[in-house]
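For reference, structure.tsv (TSV, C-alpha atoms):
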chain	number	residue	atom	x	y	z
A	439	MET	CA	-20.89	-22.26	0.89
A	440	LYS	CA	-20.06	-20.20	3.99
A	441	VAL	CA	-17.71	-17.22	3.70
A	442	ILE	CA	-16.26	-15.08	6.51
A	443	ILE	CA	-15.44	-11.55	5.31
A	444	ASP	CA	-13.51	-8.67	6.87
A	445	ASN	CA	-16.18	-6.07	7.57
A	446	LYS	CA	-14.06	-3.24	6.16
A	447	ILE	CA	-13.90	-4.70	2.64
A	448	PRO	CA	-16.09	-2.36	0.58
A	449	TYR	CA	-18.57	-2.86	-2.26
A	450	ILE	CA	-18.92	-6.58	-1.57
A	451	ASP	CA	-22.36	-6.98	0.02
A	452	GLU	CA	-24.47	-7.39	-3.10
A	453	ALA	CA	-21.97	-9.32	-5.20
A	454	ILE	CA	-21.26	-11.97	-2.56
A	455	LYS	CA	-24.95	-12.88	-2.45
A	456	SER	CA	-24.62	-14.42	-5.92
A	457	ILE	CA	-21.77	-16.65	-4.71
A	458	ALA	CA	-22.23	-17.70	-1.07
A	459	ASP	CA	-25.14	-19.27	0.78
A	460	GLU	CA	-24.03	-17.86	4.13
A	461	VAL	CA	-21.92	-14.78	4.81
A	462	VAL	CA	-20.53	-13.60	8.14
A	463	TYR	CA	-18.79	-10.24	8.56
A	464	ALA	CA	-16.21	-9.62	11.28
A	465	ALA	CA	-13.47	-7.15	12.14
A	466	GLY	CA	-10.12	-8.34	10.85
A	467	LYS	CA	-8.69	-8.66	14.35
A	468	ASP	CA	-11.69	-10.71	15.48
A	469	PHE	CA	-11.17	-13.74	13.23
A	470	THR	CA	-10.87	-16.64	15.68
A	471	PRO	CA	-10.60	-20.42	15.32
A	472	GLU	CA	-14.18	-20.70	16.55
A	473	LEU	CA	-15.42	-18.18	13.97
A	474	VAL	CA	-13.73	-19.79	10.97
A	475	ARG	CA	-14.11	-23.45	11.97
A	476	ASP	CA	-17.05	-24.24	9.67
A	477	ALA	CA	-16.27	-21.66	6.96
A	478	ASP	CA	-15.41	-22.74	3.44
A	479	ALA	CA	-13.57	-19.51	2.56
A	480	LEU	CA	-12.19	-16.31	4.07
A	481	ILE	CA	-11.89	-12.88	2.47
A	482	ILE	CA	-9.47	-10.85	4.56
A	483	ARG	CA	-7.17	-7.85	4.80
A	484	THR	CA	-3.76	-7.49	6.45
A	485	ARG	CA	-5.07	-7.44	10.03
A	486	THR	CA	-5.99	-11.15	9.94
A	487	GLN	CA	-3.11	-13.54	10.55
A	488	CYS	CA	-3.92	-16.71	8.61
A	489	ASN	CA	-1.74	-19.35	10.23
A	490	ARG	CA	-1.94	-22.72	11.96
A	491	ALA	CA	-3.32	-21.14	15.13
A	492	LEU	CA	-6.31	-19.78	13.23
A	493	LEU	CA	-6.89	-22.46	10.61
A	494	GLU	CA	-5.99	-25.85	12.06
A	495	GLY	CA	-9.06	-28.08	12.31
A	496	SER	CA	-11.20	-25.72	10.24
A	497	ASN	CA	-13.09	-26.40	7.04
A	498	VAL	CA	-11.42	-23.50	5.24
A	499	LYS	CA	-10.39	-24.40	1.70
A	500	PHE	CA	-9.70	-20.98	0.21
A	501	ILE	CA	-8.42	-17.58	1.39
A	502	ALA	CA	-8.53	-14.36	-0.61
A	503	THR	CA	-6.73	-11.33	0.75
A	504	ALA	CA	-7.98	-8.10	-0.80
A	505	THR	CA	-4.46	-6.66	-0.62
A	506	ILE	CA	-1.25	-6.71	-2.61
A	507	GLY	CA	0.82	-7.96	0.31
A	508	TYR	CA	0.35	-11.44	1.73
A	509	ASP	CA	2.90	-11.66	4.54
A	510	HIS	CA	-0.05	-12.10	6.95
A	511	ILE	CA	-0.73	-15.50	5.33
A	512	ASP	CA	1.41	-18.45	6.42
A	513	THR	CA	1.80	-19.81	2.93
A	514	ASN	CA	3.82	-22.83	4.06
A	515	TYR	CA	1.09	-23.92	6.46
A	516	CYS	CA	-1.59	-23.35	3.82
A	517	ARG	CA	0.29	-25.54	1.37
A	518	GLN	CA	0.63	-28.31	3.94
A	519	ALA	CA	-3.05	-28.05	4.86
A	520	GLY	CA	-4.23	-27.98	1.25
A	521	ILE	CA	-5.66	-24.46	1.59
A	522	LYS	CA	-5.48	-22.40	-1.58
A	523	TRP	CA	-4.95	-18.66	-1.29
A	524	THR	CA	-4.75	-15.61	-3.51
A	525	ASN	CA	-3.85	-11.95	-3.19
A	526	ALA	CA	-4.72	-8.98	-5.40
A	527	PRO	CA	-1.47	-7.92	-7.09
A	528	GLY	CA	-1.64	-4.48	-8.66
A	529	CYS	CA	-5.14	-3.74	-7.36
A	530	ASN	CA	-4.19	-0.44	-5.77
A	531	ALA	CA	-1.04	0.41	-7.74
A	532	ALA	CA	-2.62	3.50	-9.28
A	533	SER	CA	-3.84	4.61	-5.86
A	534	VAL	CA	-0.33	4.44	-4.37
A	535	ALA	CA	1.04	6.30	-7.39
A	536	GLN	CA	-1.61	8.97	-6.78
A	537	TYR	CA	-0.47	9.26	-3.15
A	538	ILE	CA	3.18	9.57	-4.19
A	539	GLU	CA	2.41	12.11	-6.91
A	540	SER	CA	0.34	14.30	-4.59
A	541	SER	CA	3.09	14.10	-1.95
A	542	LEU	CA	5.71	15.15	-4.50
A	543	LEU	CA	3.48	18.03	-5.61
A	544	LEU	CA	3.22	19.14	-1.98
A	545	LEU	CA	7.01	19.18	-1.79
A	546	GLN	CA	6.97	21.37	-4.88
A	547	THR	CA	4.30	23.79	-3.66
A	548	GLU	CA	5.11	23.94	0.08
A	549	LYS	CA	8.85	23.28	0.13
A	550	LYS	CA	9.58	25.01	-3.20
A	551	MET	CA	11.39	21.96	-4.57
A	552	ASP	CA	11.92	21.84	-8.32
A	553	LEU	CA	10.86	18.30	-9.20
A	554	SER	CA	12.16	18.57	-12.75
A	555	SER	CA	15.71	19.02	-11.44
A	556	MET	CA	15.51	16.13	-8.97
A	557	THR	CA	16.41	12.44	-9.13
A	558	ILE	CA	14.07	9.87	-7.63
A	559	GLY	CA	15.16	6.37	-6.66
A	560	ILE	CA	12.45	3.70	-6.73
A	561	VAL	CA	13.27	0.63	-4.66
A	562	GLY	CA	10.96	-2.17	-5.78
A	563	VAL	CA	9.56	-1.87	-9.29
A	564	GLY	CA	6.62	-4.25	-9.45
A	565	ASN	CA	3.04	-3.18	-10.16
A	566	VAL	CA	3.22	-0.17	-7.86
A	567	GLY	CA	6.81	0.87	-8.52
A	568	THR	CA	6.26	0.73	-12.28
A	569	LYS	CA	3.34	3.17	-12.03
A	570	VAL	CA	5.40	5.43	-9.77
A	571	GLU	CA	8.19	5.31	-12.33
A	572	THR	CA	5.83	6.38	-15.14
A	573	MET	CA	4.38	9.17	-13.00
A	574	ALA	CA	7.81	10.48	-11.95
A	575	ARG	CA	9.02	10.62	-15.54
A	576	LYS	CA	5.91	12.63	-16.49
A	577	LEU	CA	6.85	15.10	-13.74
A	578	GLY	CA	10.22	15.51	-15.45
A	579	MET	CA	12.22	13.73	-12.77
A	580	ARG	CA	15.31	11.67	-13.45
A	581	VAL	CA	14.49	8.11	-12.37
A	582	LEU	CA	16.74	5.35	-11.03
A	583	ILE	CA	15.20	1.94	-10.31
A	584	ASN	CA	16.32	-0.86	-8.00
A	585	ASP	CA	14.73	-4.31	-7.98
A	586	LEU	CA	16.98	-7.30	-7.28
A	587	PRO	CA	14.47	-10.03	-8.25
A	588	ARG	CA	13.78	-8.32	-11.58
A	589	GLN	CA	17.47	-7.63	-12.11
A	590	ASP	CA	18.29	-11.30	-11.64
A	591	LYS	CA	15.71	-12.22	-14.26
A	592	GLU	CA	16.20	-9.38	-16.74
A	593	GLY	CA	19.86	-8.43	-16.37
A	594	LYS	CA	21.55	-5.41	-14.81
A	595	LYS	CA	21.25	-2.93	-17.66
A	596	ALA	CA	18.08	-1.10	-16.57
A	597	PHE	CA	18.70	-1.29	-12.83
A	598	THR	CA	20.74	0.60	-10.25
A	599	ASP	CA	22.23	-0.73	-7.03
A	600	LEU	CA	21.34	0.72	-3.63
A	601	ALA	CA	24.73	2.39	-3.33
A	602	ALA	CA	24.04	4.49	-6.42
A	603	ILE	CA	20.50	5.23	-5.19
A	604	ALA	CA	21.99	6.47	-1.91
A	605	ASN	CA	24.58	8.52	-3.74
A	606	GLU	CA	22.50	10.20	-6.45
A	607	CYS	CA	18.87	10.56	-5.33
A	608	ASP	CA	16.94	13.52	-3.93
A	609	VAL	CA	13.91	11.32	-3.24
A	610	ILE	CA	13.97	7.61	-2.35
A	611	THR	CA	10.68	5.71	-2.31
A	612	PHE	CA	10.19	2.11	-1.19
A	613	HIS	CA	7.77	-0.29	-2.89
A	614	THR	CA	9.07	-3.73	-1.97
A	615	PRO	CA	7.22	-6.63	-0.37
A	616	LEU	CA	8.36	-7.60	3.11
A	617	HIS	CA	10.78	-10.52	3.20
A	618	ASN	CA	12.22	-11.19	6.65
A	619	ALA	CA	15.04	-13.39	5.39
A	620	GLY	CA	16.51	-14.98	2.29
A	621	GLN	CA	18.16	-13.79	-0.89
A	622	TYR	CA	15.79	-10.86	-1.29
A	623	LYS	CA	15.49	-9.85	2.35
A	624	THR	CA	13.82	-6.44	2.73
A	625	PHE	CA	13.38	-6.32	6.51
A	626	HIS	CA	15.19	-3.14	7.60
A	627	LEU	CA	16.48	-2.67	4.08
A	628	ALA	CA	16.90	0.98	5.00
A	629	ASP	CA	18.90	0.65	8.22
A	630	GLU	CA	21.52	2.74	10.00
A	631	LYS	CA	24.18	1.66	7.51
A	632	PHE	CA	22.00	2.68	4.56
A	633	PHE	CA	21.28	6.13	5.98
A	634	GLU	CA	24.97	6.74	6.68
A	635	THR	CA	25.71	6.32	2.95
A	636	LEU	CA	23.27	9.00	1.77
A	637	LYS	CA	24.88	11.91	-0.04
A	638	ARG	CA	22.10	14.32	-1.09
A	639	LYS	CA	19.91	14.50	2.04
A	640	PRO	CA	16.95	12.95	0.24
A	641	ILE	CA	13.27	12.80	1.10
A	642	ILE	CA	12.44	9.24	2.24
A	643	ILE	CA	9.03	7.82	1.28
A	644	ASN	CA	7.70	4.49	2.54
A	645	THR	CA	4.38	3.09	1.35
A	646	SER	CA	5.45	-0.57	1.27
A	647	ARG	CA	5.68	-2.17	4.73
A	648	GLY	CA	6.75	-0.41	7.92
A	649	GLU	CA	9.49	-2.94	8.62
A	650	VAL	CA	11.29	-2.17	5.35
A	651	VAL	CA	12.60	1.05	6.93
A	652	GLU	CA	14.11	0.81	10.41
A	653	THR	CA	12.29	3.36	12.56
A	654	GLN	CA	15.12	4.34	14.87
A	655	ALA	CA	17.57	4.62	11.99
A	656	LEU	CA	15.11	6.89	10.17
A	657	LEU	CA	14.73	9.07	13.26
A	658	ASN	CA	18.49	9.26	13.66
A	659	ALA	CA	18.77	10.31	10.02
A	660	LEU	CA	16.19	13.05	10.55
A	661	ASP	CA	17.88	14.28	13.72
A	662	GLY	CA	21.32	14.10	12.12
A	663	GLU	CA	20.08	15.92	9.01
A	664	LYS	CA	21.14	13.05	6.78
A	665	ILE	CA	17.72	13.35	5.13
A	666	THR	CA	15.56	16.38	4.38
A	667	GLY	CA	12.29	14.81	5.43
A	668	ALA	CA	10.08	11.73	5.53
A	669	ILE	CA	6.72	10.77	4.04
A	670	ILE	CA	5.45	7.73	5.92
A	671	ASP	CA	2.29	5.72	5.27
A	672	VAL	CA	3.36	2.39	6.78
A	673	TRP	CA	4.77	1.85	10.24
A	674	GLU	CA	6.57	-0.69	12.34
A	675	GLY	CA	4.22	-2.00	15.02
A	676	GLU	CA	0.98	-0.76	13.48
A	677	PRO	CA	-1.32	0.44	14.92
A	678	ASP	CA	0.97	1.34	17.85
A	679	ILE	CA	3.08	3.75	15.85
A	680	ASN	CA	6.15	5.75	16.84
A	681	LEU	CA	4.87	9.16	17.93
A	682	GLU	CA	8.24	10.86	17.51
A	683	LEU	CA	8.34	9.81	13.86
A	684	LEU	CA	4.69	10.80	13.46
A	685	ASN	CA	5.42	14.34	14.61
A	686	LYS	CA	8.65	14.73	12.63
A	687	ALA	CA	7.39	13.37	9.29
A	688	PHE	CA	6.37	15.84	6.59
A	689	ILE	CA	3.43	13.60	5.69
A	690	ALA	CA	2.30	10.84	8.09
A	691	THR	CA	-0.73	8.74	7.21
A	692	PRO	CA	-2.45	5.60	8.57
A	693	HIS	CA	-1.54	3.01	5.89
A	694	ILE	CA	-4.00	4.42	3.35
A	695	ALA	CA	-1.84	5.17	0.30
A	696	GLY	CA	-3.61	2.39	-1.59
A	697	TYR	CA	-7.06	3.25	-0.27
A	698	SER	CA	-8.62	5.01	-3.22
A	699	ALA	CA	-12.14	3.77	-3.92
A	700	ASP	CA	-10.84	2.63	-7.31
A	701	GLY	CA	-8.15	0.47	-5.72
A	702	LYS	CA	-10.56	-0.97	-3.17
A	703	ALA	CA	-13.06	-1.85	-5.90
A	704	ASN	CA	-10.31	-3.57	-7.88
A	705	ALA	CA	-9.28	-5.62	-4.84
A	706	THR	CA	-12.85	-6.68	-4.09
A	707	GLN	CA	-13.45	-7.63	-7.72
A	708	MET	CA	-10.25	-9.67	-7.89
A	709	SER	CA	-11.00	-11.46	-4.62
A	710	LEU	CA	-14.51	-12.41	-5.66
A	711	GLU	CA	-13.39	-13.55	-9.10
A	712	ALA	CA	-10.74	-15.77	-7.50
A	713	LEU	CA	-13.29	-17.16	-5.04
A	714	SER	CA	-15.73	-17.92	-7.86
A	715	LYS	CA	-13.07	-19.61	-9.94
A	716	HIS	CA	-11.89	-21.77	-7.06
A	717	PHE	CA	-15.39	-23.08	-6.34
A	718	GLY	CA	-16.39	-23.39	-10.00
A	719	ILE	CA	-18.96	-20.58	-9.93
A	720	GLU	CA	-19.63	-18.37	-12.96
A	721	PRO	CA	-19.14	-14.78	-11.74
A	722	ASP	CA	-22.03	-12.42	-12.42
A	723	PHE	CA	-21.08	-9.10	-10.87
A	724	GLU	CA	-19.08	-5.93	-11.49
A	725	ILE	CA	-17.71	-3.88	-8.63
A	726	THR	CA	-17.76	-0.13	-9.27
A	727	PRO	CA	-16.87	2.61	-6.77
A	728	PRO	CA	-19.27	5.49	-6.01
A	729	THR	CA	-19.05	8.61	-8.13
A	730	PRO	CA	-17.62	11.73	-6.46
A	731	ALA	CA	-20.00	14.44	-5.27
A	732	THR	CA	-18.71	16.61	-8.10
A	733	ASN	CA	-16.54	15.41	-10.95
A	734	LEU	CA	-15.64	18.83	-12.37
A	735	ILE	CA	-12.34	20.33	-11.20
A	736	HIS	CA	-11.49	23.96	-12.01
A	737	ALA	CA	-7.80	24.65	-11.53
A	738	THR	CA	-4.97	26.99	-12.49
A	739	SER	CA	-2.60	24.09	-13.23
A	740	ARG	CA	-2.59	20.32	-13.42
A	741	ALA	CA	-0.69	20.21	-10.13
A	742	ASN	CA	-3.39	22.30	-8.48
A	743	ALA	CA	-6.07	20.03	-9.94
A	744	LEU	CA	-4.43	16.87	-8.67
A	745	LEU	CA	-4.12	18.32	-5.18
A	746	GLN	CA	-7.80	19.24	-5.29
A	747	ILE	CA	-8.60	15.65	-6.20
A	748	TYR	CA	-6.39	14.26	-3.42
A	749	ASN	CA	-4.25	16.08	-0.90
A	750	PRO	CA	-2.58	13.74	1.64
A	751	THR	CA	-2.27	16.61	4.12
A	752	ARG	CA	-5.88	15.90	5.08
A	753	ASP	CA	-5.02	12.36	6.15
A	754	SER	CA	-1.75	13.45	7.76
A	755	ASP	CA	-3.39	16.14	9.86
A	756	ALA	CA	-6.05	13.69	11.04
A	757	LEU	CA	-3.48	11.11	12.18
A	758	LYS	CA	-1.21	13.68	13.83
A	759	ALA	CA	-4.19	15.05	15.76
A	760	HIS	CA	-5.39	11.62	16.88
A	761	PRO	CA	-2.76	8.85	16.53
A	762	GLU	CA	-4.82	6.67	18.88
A	763	LEU	CA	-7.44	6.49	16.11
A	764	PHE	CA	-5.06	4.86	13.60
A	765	GLU	CA	-7.32	1.86	12.97
A	766	GLN	CA	-10.49	3.93	12.89
A	767	LEU	CA	-9.02	6.42	10.43
A	768	ARG	CA	-7.99	3.51	8.25
A	769	GLY	CA	-11.16	1.48	8.63
A	770	ASP	CA	-13.55	4.38	8.08
A	771	TYR	CA	-11.57	5.99	5.29
A	772	PRO	CA	-13.67	8.48	3.28
A	773	LEU	CA	-14.36	8.22	-0.43
A	774	ARG	CA	-11.29	9.06	-2.51
A	775	ARG	CA	-11.35	8.72	-6.27
A	776	GLU	CA	-8.48	8.76	-8.76
A	777	GLU	CA	-7.97	11.29	-11.55
A	778	LYS	CA	-9.93	9.25	-14.11
A	779	ALA	CA	-13.14	9.97	-12.19
A	780	TYR	CA	-12.88	13.72	-12.86
A	781	LYS	CA	-12.94	16.23	-15.65
A	782	ILE	CA	-10.24	18.88	-15.19
A	783	VAL	CA	-10.83	22.40	-16.54
A	784	LEU	CA	-7.74	24.60	-16.65
Output the file's structure as structure tokens, nothing else.
Amino acid sequence: MKVIIDNKIPYIDEAIKSIADEVVYAAGKDFTPELVRDADALIIRTRTQCNRALLEGSNVKFIATATIGYDHIDTNYCRQAGIKWTNAPGCNAASVAQYIESSLLLLQTEKKMDLSSMTIGIVGVGNVGTKVETMARKLGMRVLINDLPRQDKEGKKAFTDLAAIANECDVITFHTPLHNAGQYKTFHLADEKFFETLKRKPIIINTSRGEVVETQALLNALDGEKITGAIIDVWEGEPDINLELLNKAFIATPHIAGYSADGKANATQMSLEALSKHFGIEPDFEITPPTPATNLIHATSRANALLQIYNPTRDSDALKAHPELFEQLRGDYPLRREEKAYKIVL
């Protein structure tokens, strides 16, 4: 079996040897029809567009994307061509929750915001949004959730509409997949009309897909003081991001909210398990991330400890200093572990 793998997928080198006879690594943007023609499977990230142009006439039978999102896979074409595919739902949910929590703690420490008196609106409450909800409640925040697909299945009782989110929330964070059309369209979900309805000048956080929040509308909201600030990890037009938004955002990072080593290891494990299952191979591997240089954290408070473990200012400062290195900052992301890898001493 021949497998083509995105060369930025970590912790995969040894494990794949027990599955594939031939392995080729390539940058996500460098997957070409010629490269994949005689491959049996692909393991990719979001930078590889798996569509007819890439796959037609190839031997590819299976695609695993080591990501939650899969809008870079033309699922209709894959179905027609008999190509099976899988994503890694929930793999980095805890990592994104860590990013959101640290960002909220920065608002508390640097902007003197009292989180326990604030209301957060979570738009999209799947694997990631559910963990963000749990985290926000632990911080003492009032939580409103919005998720139309879940609401249609579960009933309206637990959910809040976007109008109420816009009216009542001090923080609004987006965790939806990107749907360009249809009943659950999320493309430009936060548009000019949405921002005009805001009542409490909230902080806007986007770690879902850049296109969920309309860039110009967000900039207009910042300039018109309809919002207090923005925390942006995902961008329209990545990697060619809007420099005005980059400079005006409180936190601006290169699509790395889900990039903890723990989340990456989960994604790699899930992708390889799916690959093994598809080809009838008994998996014999366990993906574990590296241990941190030191796992003992001395702190004056839990908030201080969590910001020692991960402070998104580091990533924000790096991108603001060198926006032209967006892909490099993302591709060569340093080791970042989640709280479970540490012992906190208060």
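Minimum atom-to-atom distance to Lys595 in chain A, evaluated using all atoms listed in the file, belongs to A:Leu582 out of A:His613, A:Thr653, A:Thr513, A:Leu582.
Among the candidates A:Gln518, A:Ser541, A:Tyr449, A:Leu636, the one nearest to Pro727 in chain A when counting all atoms listed in the file is A:Tyr449.
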message: Could you check the closest approach to Glu649 in chain A for each of A:Glu776, A:Asp755, A:Asp509, A:Asp585 and tell me which residue wins, using only C-alpha atoms?
response: A:Asp509
- request: Go ahead and find all residues with at least one atom no further than 8 Å from (1.3, 8.5, -0.5) in the file's coordinates, using only C-alpha atoms; report them as a ChimeraX atom specification.
  value: /A:534-541,643,645,669-671,691,694-696,750
message: So that I can see what lies close to Lys715 in chain A, please list as a PyMOL selection string the residues with an atom at most 12 Å from it, counting only C-alpha atoms and leaving out residues fewer than 5 positions away in the same chain.
response: chain A and resi 457+500+502+522-524+708-710+720-722
Within 12 Å of Ala602 in chain A, counting only C-alpha atoms, which residues qualify if same-chain residues fewer than 3 places away don't, as an mmCIF file with C-alpha atoms, in the coordinates of the input?
data_model
loop_
_atom_site.group_PDB
_atom_site.id
_atom_site.type_symbol
_atom_site.label_atom_id
_atom_site.label_comp_id
_atom_site.auth_asym_id
_atom_site.auth_seq_id
_atom_site.Cartn_x
_atom_site.Cartn_y
_atom_site.Cartn_z
ATOM 1 C CA THR A 557 16.410 12.440 -9.130
ATOM 2 C CA ILE A 558 14.070 9.870 -7.630
ATOM 3 C CA GLY A 559 15.160 6.370 -6.660
ATOM 4 C CA ILE A 560 12.450 3.700 -6.730
ATOM 5 C CA VAL A 561 13.270 0.630 -4.660
ATOM 6 C CA VAL A 581 14.490 8.110 -12.370
ATOM 7 C CA LEU A 582 16.740 5.350 -11.030
ATOM 8 C CA ILE A 583 15.200 1.940 -10.310
ATOM 9 C CA ASN A 584 16.320 -0.860 -8.000
ATOM 10 C CA PHE A 597 18.700 -1.290 -12.830
ATOM 11 C CA THR A 598 20.740 0.600 -10.250
ATOM 12 C CA ASP A 599 22.230 -0.730 -7.030
ATOM 13 C CA ASN A 605 24.580 8.520 -3.740
ATOM 14 C CA GLU A 606 22.500 10.200 -6.450
ATOM 15 C CA CYS A 607 18.870 10.560 -5.330
ATOM 16 C CA ASP A 608 16.940 13.520 -3.930
ATOM 17 C CA ILE A 610 13.970 7.610 -2.350
ATOM 18 C CA PHE A 632 22.000 2.680 4.560
ATOM 19 C CA THR A 635 25.710 6.320 2.950
ATOM 20 C CA LEU A 636 23.270 9.000 1.770
ATOM 21 C CA LYS A 637 24.880 11.910 -0.040
ATOM 22 C CA ARG A 638 22.100 14.320 -1.090
#
field: Gap from CA of Ile735 in chain A to CA of Arg775 in chain A - Å, one decimal
entry: 12.7 Å
Centre and edges of the range 551-566 of chain A box, axis-aligned, 5 Å extra per side, as JSON:
{"center_x": 9.7, "center_y": 8.9, "center_z": -8.7, "size_x": 23.4, "size_y": 36.2, "size_z": 18.2}
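The interatomic distance for the pair CA of Ser554 in chain A and CA of Leu542 in chain A works out to 11.0 Å.
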message: Can you tell me which residues surround range 660-663 of chain A at a distance of at most 10 Å, considering only C-alpha atoms, apart from same-chain residues fewer than 2 positions away, and format the answer as a ChimeraX atom specification?
response: /A:633-634,639-642,654-658,665-668,683,686-687
- request: Show me as JSON, numbers by chain the residues that reach within 8 Å of (-14.8, -26.3, 11.2), counting all atoms listed in the file and using the file's own coordinates.
  value: {"A": [472, 474, 475, 476, 477, 495, 496, 497, 498]}
Restricting it to C-alpha atoms, dump the selection as an mmCIF file, in the frame of the given file.
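Generated output (out.cif):
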data_model
loop_
_atom_site.group_PDB
_atom_site.id
_atom_site.type_symbol
_atom_site.label_atom_id
_atom_site.label_comp_id
_atom_site.auth_asym_id
_atom_site.auth_seq_id
_atom_site.Cartn_x
_atom_site.Cartn_y
_atom_site.Cartn_z
ATOM 1 C CA GLU A 472 -14.180 -20.700 16.550
ATOM 2 C CA VAL A 474 -13.730 -19.790 10.970
ATOM 3 C CA ARG A 475 -14.110 -23.450 11.970
ATOM 4 C CA ASP A 476 -17.050 -24.240 9.670
ATOM 5 C CA ALA A 477 -16.270 -21.660 6.960
ATOM 6 C CA GLY A 495 -9.060 -28.080 12.310
ATOM 7 C CA SER A 496 -11.200 -25.720 10.240
ATOM 8 C CA ASN A 497 -13.090 -26.400 7.040
ATOM 9 C CA VAL A 498 -11.420 -23.500 5.240
#
For CA of Arg740 in chain A and CA of Asp700 in chain A, the interatomic separation in Å (one decimal):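 Straight-line distance from CA of Arg740 in chain A to CA of Asp700 in chain A works out to 20.5 Å.
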task: Name the residues in contact with Ala705 in chain A at a cut-off of 9 Å, using all atoms listed in the file, excluding same-chain residues fewer than 5 positions from it; report them as a list in words.
output: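 Skipping anything fewer than 5 positions along the chain leaves Ile447, Thr503, Ala504, Thr505, Ile506, Asn525, Ala526, Pro527, Gly528, Cys529, Asn530, Asp700 and Leu710 of chain A.
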